[in-house]
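Engineer: Just passing along the structure, written as structure tokens.
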Amino acid sequence: MSRVDPSQVDLATQLAGVELANPVLTASGCAAAGRELHQFFDIALLGAVVTKSVMLHPRAGRPTPRMAETDSGMLNSIGLQGPGVDAFCRHDLPWLVERGARAVVSIAGHTIDEYAELARRLRAAGGVTAVEVNISCPNVEHRGEVFSCDPVAAAGVVAAVRRETAPDVPVLAKLSPDVTDIVAVARACVDAGADGLCLINTLLGMAIDTDTMRPVLAAGTGGLSGPAIRPVAVRCVYQVHAALPGVPIVGMGGVVTGVDALELMLAGACAVSVGTATFADSSAPMRILTELRQVLAERGVHRVADIVGAAHRPPGEPTVTEPKRSALPAERRVGRS
Amino acid sequence: MNGRSGPVQVPAEVVATSRAGAYHRLTVAAPAVAARAQPGQFIALAVGGPASALLLRRAFAIHRADPGGPQGGTVEVVYAVRGRGTGWLAERVAGDSLDVVGPLGRGFTPPPAPLPCTLVGGGYGSAPLFPLAAALRAGGCRVDLVLGAASADRLFGAADAGGAADAVRVTTEDGSAGERGRVTDVLPDVLRRSAAGAVYACGPMGMLAAVSALSAAYGVPSQCAVEESMACGIGVCMTCVLPVRGDDGMTRMVRSCVEGPVFPGERVRWDDVGTVPADTVGAGPALRVVAG
């Protein structure tokens with residue numbers, strides 16, 4: 001295995017036609033709109049900032065306790081607290097644009113019409129690199145009916161947002177792992193016009209306080225995130241990439257290190273979002289970017305784009321990271337050497 | 001990026017640890033944090049080591065920030081062991097390294113002109129009141145300190161209180177130290193005798209609610225440092241919210257880590273903490289509690 005100078009690794013990645021300087025993004029709901037993290041590192045150095053899902057109107061969210069720490073993870077039931085899209089477009093989006101950050105704006109609504117209206121307001125505001133359609137928040141009413149649990153409902157939302165979004169701005173559908181067949185939902189979203197997919201949102205979970213003998217969270221249930229769910233994320237990305245190899249995927253779920261980011265990219269993600277890790281380490285996205293560069297260099301990878309989906313190659317087939325063997329035809333290699 | 005006043009994330013060496021009754025003291029060398037810290041601010045520590053299954057930071061009010069000294073600037077916190085994270089912290093020894101983020105949050109605001117000030121601490125909630133007392137006295141304020149706890153071992157700082165304030169009252173619920181009762185039993189007397197113009201408090205929510213109400217009844221504005229459960233400490237996770245009235249009279253769910261932890265007592269809707277009141281900005285039918 002030939003080592004590469006870490007500074008020479010090409011980290012540029014294509015996300016549905018948009019070139020990002022590198023594949024490390026924040027995860028929606030874990031970075032607010034960038035301001036707080038900018039105290040610790042320059043957020044413009046990330047591939048993009050994915051903002052907390054914004055709704056049409058201000059929203060107070062759920063009662064406290066909203067958080068429970070679990071083994072290698074946490075449950076949250078924030079309930080999409082936020083200032084509403086108008087305040088977001090007035091205060092947060094221009095701030096990101098002024099700092100040179102790529103803004104992937106996450107939106108959430110109760111109805112297809114609300115999603116469409118959100119897309120219209122973002123289009124009017126401008127400065128949006130991509131729109132993430134959050135159809136999978138487990139902390140809203142009618143959890144059992146979240147759009148991403150039903151391919152037809154998911155497609156309806158995606159089609160409406162795609163219709164109202166500028167043609168050069170990709171629309172990414174964020175999906176829930178809490179479904180029987182995530183490929184079916186992914187396919188429905190792509191058929192409806194999604195340019196890419198974000199996998200995965202939190203898993204619905206619960207913790208019970210064994211002293212009070214009541215649920216820990218005021219809302220009862222919450223979304224599980226953190227390293228505990230990473231194997232689920234890897235599985236979902238892998239399955240969807242296998243079924244829809246041409247569809248760009250932003251992978252997320254328990255990424256704490258550069259190696260974790262690499263794992264999701266090997267499964268098929270062209271970019272990776274860092275979420276819960278940011279709560280533990282305010283600099284996590286930037287640290288993970290540095291680590292990713294290092295782990296790619298150690299594996300002899302010159303271009304990160306070359307290893308996207310590399311885990312799908314047949315057993316025994318060499319990757320670009322291994323020294324050339326004259327016995328193997330070059331076209332069998334994944335990516336470029 | 002970061003100015004001189006914002007928080008920093010630094011590796012910090014443990015300089016000293018000790019027990020204080022039921023509590024633990026921890027001092028770390030963190031010059032950049034010490035130089036920025038204001039009374040009432042806090043730090044957030046990563047716990048469990050690099051391979052830890054505990055992902056969330058633990059937030060602790062700053063008890064002492066010493067920008068000088070042989071270590072080049074130290075910060076001291078006081079905490080109670082409540083679970084695996086603080087249990088791990090209690091096993092740290094001098095020379096160990098901790099990941100520290102701070103100083104965080106909005107601290108106490110001193111009065112614009114010297115006033116008699118009453119400081120009320122419940123349990124180890126008294127920890128941040130000591131640097132506040134020093135700052136207030138340096139600014140020409142008389143300081144009355146009221147310390148209370150369930151029992152003598154749960155008082156913090158009672159031994160040092162005499163040197164930190166102009167007068168001290170101590171209460172314990174079991175009578176094992178000071179006067180038997182609660183801080184609110186002696187607070188009216190302290191407010192009257194000192195002609196207090198400002199109250200500063202830190203402790204359990206119930207105590208803060210009572211202190212805030214009593215202060216208001218005596219026409220004295222209060223500043224209360226709350227302790228809400230946090231995941232990040234820096235304002236991105238939205239877990240540490242409580243209902244607070246703004247300048248416009250409207251109630252919002254605000255983050256205790258960045259808008260607080262110190263709030264004007266009369267602005268906090270103490271009776272509604274743990275709920276989203278129906279008149280909160282953005283409250284809606286979607287806020288039905290499923291299992292609470």
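Chain labels follow the order of the structure tokens: the first chain is A, the next B, and so on; residue numbering restarts at 1 in every chain, and ligands are counted from 1 in their shown order.
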What are the residues of chain B lining chain A at 8 Å or less? Count only C-alpha atoms, and put the answer as a PyMOL selection string.

Structural biologist: chain B and resi 1-2+6-9+46+52-57+101+229-242+252-253+273-276+280-284+286-292

Engineer: If you keep C-alpha atoms, can you produce a file of those selected residues as an mmCIF file, in the first residue's frame?

Structural biologist:
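Result file out09.cif:
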```
data_model
loop_
_atom_site.group_PDB
_atom_site.id
_atom_site.type_symbol
_atom_site.label_atom_id
_atom_site.label_comp_id
_atom_site.auth_asym_id
_atom_site.auth_seq_id
_atom_site.Cartn_x
_atom_site.Cartn_y
_atom_site.Cartn_z
ATOM 1 C CA MET B 1 -14.159 33.315 14.263
ATOM 2 C CA ASN B 2 -13.341 33.731 17.887
ATOM 3 C CA GLY B 6 -15.929 33.872 23.155
ATOM 4 C CA PRO B 7 -15.468 30.305 24.347
ATOM 5 C CA VAL B 8 -12.478 28.162 23.453
ATOM 6 C CA GLN B 9 -11.999 24.410 23.297
ATOM 7 C CA ALA B 46 -15.963 15.746 27.893
ATOM 8 C CA SER B 52 -16.164 6.596 25.919
ATOM 9 C CA ALA B 53 -19.732 5.485 25.316
ATOM 10 C CA LEU B 54 -20.749 8.733 27.071
ATOM 11 C CA LEU B 55 -21.162 11.281 24.313
ATOM 12 C CA LEU B 56 -22.464 14.344 26.048
ATOM 13 C CA ARG B 57 -20.546 17.038 27.858
ATOM 14 C CA VAL B 101 -14.942 24.139 26.425
ATOM 15 C CA SER B 229 -29.760 19.326 31.586
ATOM 16 C CA MET B 230 -27.578 20.028 28.520
ATOM 17 C CA ALA B 231 -26.083 17.950 25.741
ATOM 18 C CA CYS B 232 -23.676 20.415 24.115
ATOM 19 C CA GLY B 233 -23.377 23.551 26.259
ATOM 20 C CA ILE B 234 -22.748 25.730 23.205
ATOM 21 C CA GLY B 235 -26.239 26.367 21.858
ATOM 22 C CA VAL B 236 -26.703 23.849 19.063
ATOM 23 C CA CYS B 237 -28.636 20.964 20.640
ATOM 24 C CA MET B 238 -31.719 22.823 21.959
ATOM 25 C CA THR B 239 -32.214 20.484 24.913
ATOM 26 C CA CYS B 240 -31.682 22.936 27.813
ATOM 27 C CA VAL B 241 -34.627 25.230 27.124
ATOM 28 C CA LEU B 242 -37.041 26.782 29.585
ATOM 29 C CA ARG B 252 -40.142 31.856 24.375
ATOM 30 C CA MET B 253 -38.362 28.569 24.954
ATOM 31 C CA VAL B 273 -40.468 24.847 33.677
ATOM 32 C CA GLY B 274 -40.691 21.424 32.053
ATOM 33 C CA THR B 275 -43.659 22.472 29.955
ATOM 34 C CA VAL B 276 -44.274 24.577 26.891
ATOM 35 C CA THR B 280 -45.313 30.483 24.153
ATOM 36 C CA VAL B 281 -44.237 31.824 20.757
ATOM 37 C CA GLY B 282 -44.595 28.901 18.367
ATOM 38 C CA ALA B 283 -46.567 26.673 20.737
ATOM 39 C CA GLY B 284 -49.188 24.717 18.906
ATOM 40 C CA ALA B 286 -48.270 19.697 17.850
ATOM 41 C CA LEU B 287 -46.869 19.941 21.380
ATOM 42 C CA ARG B 288 -49.086 17.331 22.936
ATOM 43 C CA VAL B 289 -47.146 15.306 25.475
ATOM 44 C CA VAL B 290 -47.216 11.683 24.452
ATOM 45 C CA ALA B 291 -46.194 10.051 27.695
ATOM 46 C CA GLY B 292 -45.263 12.807 30.107
#
```

Engineer: Let's see if you can do this: from backbone DSSP, list all helix (DSSP H, G or I) residues in segment 46-285 of chain B, as a PyMOL selection string.

Structural biologist: chain B and resi 84-90+123-126+129-138+152-154+158-164+183-194+205-217+265-267+270-272+285

Engineer: Keeping only C-alpha atoms, write the selected residues to a file as a tab-separated table (two decimals), in the first residue's frame.

Structural biologist:
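Output (again-v8.tsv):
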```tsv
chain	number	residue	atom	x	y	z
B	84	ARG	CA	-21.19	7.40	35.24
B	85	GLY	CA	-19.88	10.66	33.74
B	86	THR	CA	-19.29	12.50	36.99
B	87	GLY	CA	-18.13	9.20	38.53
B	88	TRP	CA	-15.40	9.01	35.88
B	89	LEU	CA	-14.52	12.63	36.54
B	90	ALA	CA	-14.11	11.91	40.26
B	123	GLY	CA	-26.05	23.00	47.81
B	124	TYR	CA	-23.08	23.27	45.47
B	125	GLY	CA	-25.02	26.01	43.68
B	126	SER	CA	-23.08	28.36	45.94
B	129	LEU	CA	-21.36	32.89	44.02
B	130	PHE	CA	-17.84	33.14	45.47
B	131	PRO	CA	-16.22	34.81	42.43
B	132	LEU	CA	-19.34	36.97	42.15
B	133	ALA	CA	-19.01	38.05	45.79
B	134	ALA	CA	-15.39	38.99	45.20
B	135	ALA	CA	-16.28	41.02	42.10
B	136	LEU	CA	-19.17	42.78	43.83
B	137	ARG	CA	-17.11	43.69	46.87
B	138	ALA	CA	-14.31	44.91	44.63
B	152	ALA	CA	-24.14	19.98	56.68
B	153	ASP	CA	-22.25	17.74	54.22
B	154	ARG	CA	-24.27	19.19	51.35
B	158	ALA	CA	-19.56	27.51	54.44
B	159	ALA	CA	-16.03	27.44	55.88
B	160	ASP	CA	-14.79	30.07	53.40
B	161	ALA	CA	-17.92	32.19	53.49
B	162	GLY	CA	-16.81	34.46	56.32
B	163	GLY	CA	-13.94	35.82	54.26
B	164	ALA	CA	-16.02	36.10	51.11
B	183	VAL	CA	-32.70	29.72	52.72
B	184	THR	CA	-36.09	31.27	52.12
B	185	ASP	CA	-36.82	31.14	55.87
B	186	VAL	CA	-34.00	33.62	56.57
B	187	LEU	CA	-34.01	35.54	53.28
B	188	PRO	CA	-36.69	38.11	54.26
B	189	ASP	CA	-34.70	39.03	57.36
B	190	VAL	CA	-31.47	39.36	55.32
B	191	LEU	CA	-33.16	41.48	52.66
B	192	ARG	CA	-34.66	43.80	55.29
B	193	ARG	CA	-31.55	44.19	57.43
B	194	SER	CA	-29.19	44.76	54.51
B	205	MET	CA	-35.00	25.03	40.44
B	206	GLY	CA	-37.40	24.94	43.39
B	207	MET	CA	-35.11	27.14	45.46
B	208	LEU	CA	-34.65	29.58	42.59
B	209	ALA	CA	-38.39	29.83	42.10
B	210	ALA	CA	-38.89	30.57	45.80
B	211	VAL	CA	-36.01	33.05	45.98
B	212	SER	CA	-37.23	34.82	42.86
B	213	ALA	CA	-40.76	35.13	44.26
B	214	LEU	CA	-39.56	36.37	47.65
B	215	SER	CA	-37.22	38.92	46.09
B	216	ALA	CA	-40.01	40.19	43.89
B	217	ALA	CA	-42.28	40.48	46.94
B	265	GLY	CA	-35.78	35.83	38.16
B	266	GLU	CA	-38.99	37.64	37.27
B	267	ARG	CA	-38.61	36.67	33.61
B	270	TRP	CA	-40.78	28.93	37.15
B	271	ASP	CA	-44.09	27.12	37.56
B	272	ASP	CA	-44.03	26.20	33.88
B	285	PRO	CA	-51.33	21.64	18.93
```

Engineer: Please determine, counting only C-alpha atoms, which residue among B:Glu227, B:Arg269, B:Gly95, B:Arg169 has the shortest atom-to-atom distance to Ala59 of chain B.

Structural biologist: B:Glu227

Engineer: Compare B:Val77, B:Gly40, B:Val93, B:Met250 by their minimum atom-to-atom distance to Thr17 of chain B, counting only C-alpha atoms, and give me the closest one.

Structural biologist: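 Going through B:Val77, B:Gly40, B:Val93, B:Met250 one by one, the smallest distance to Thr17 of chain B is for B:Val93.
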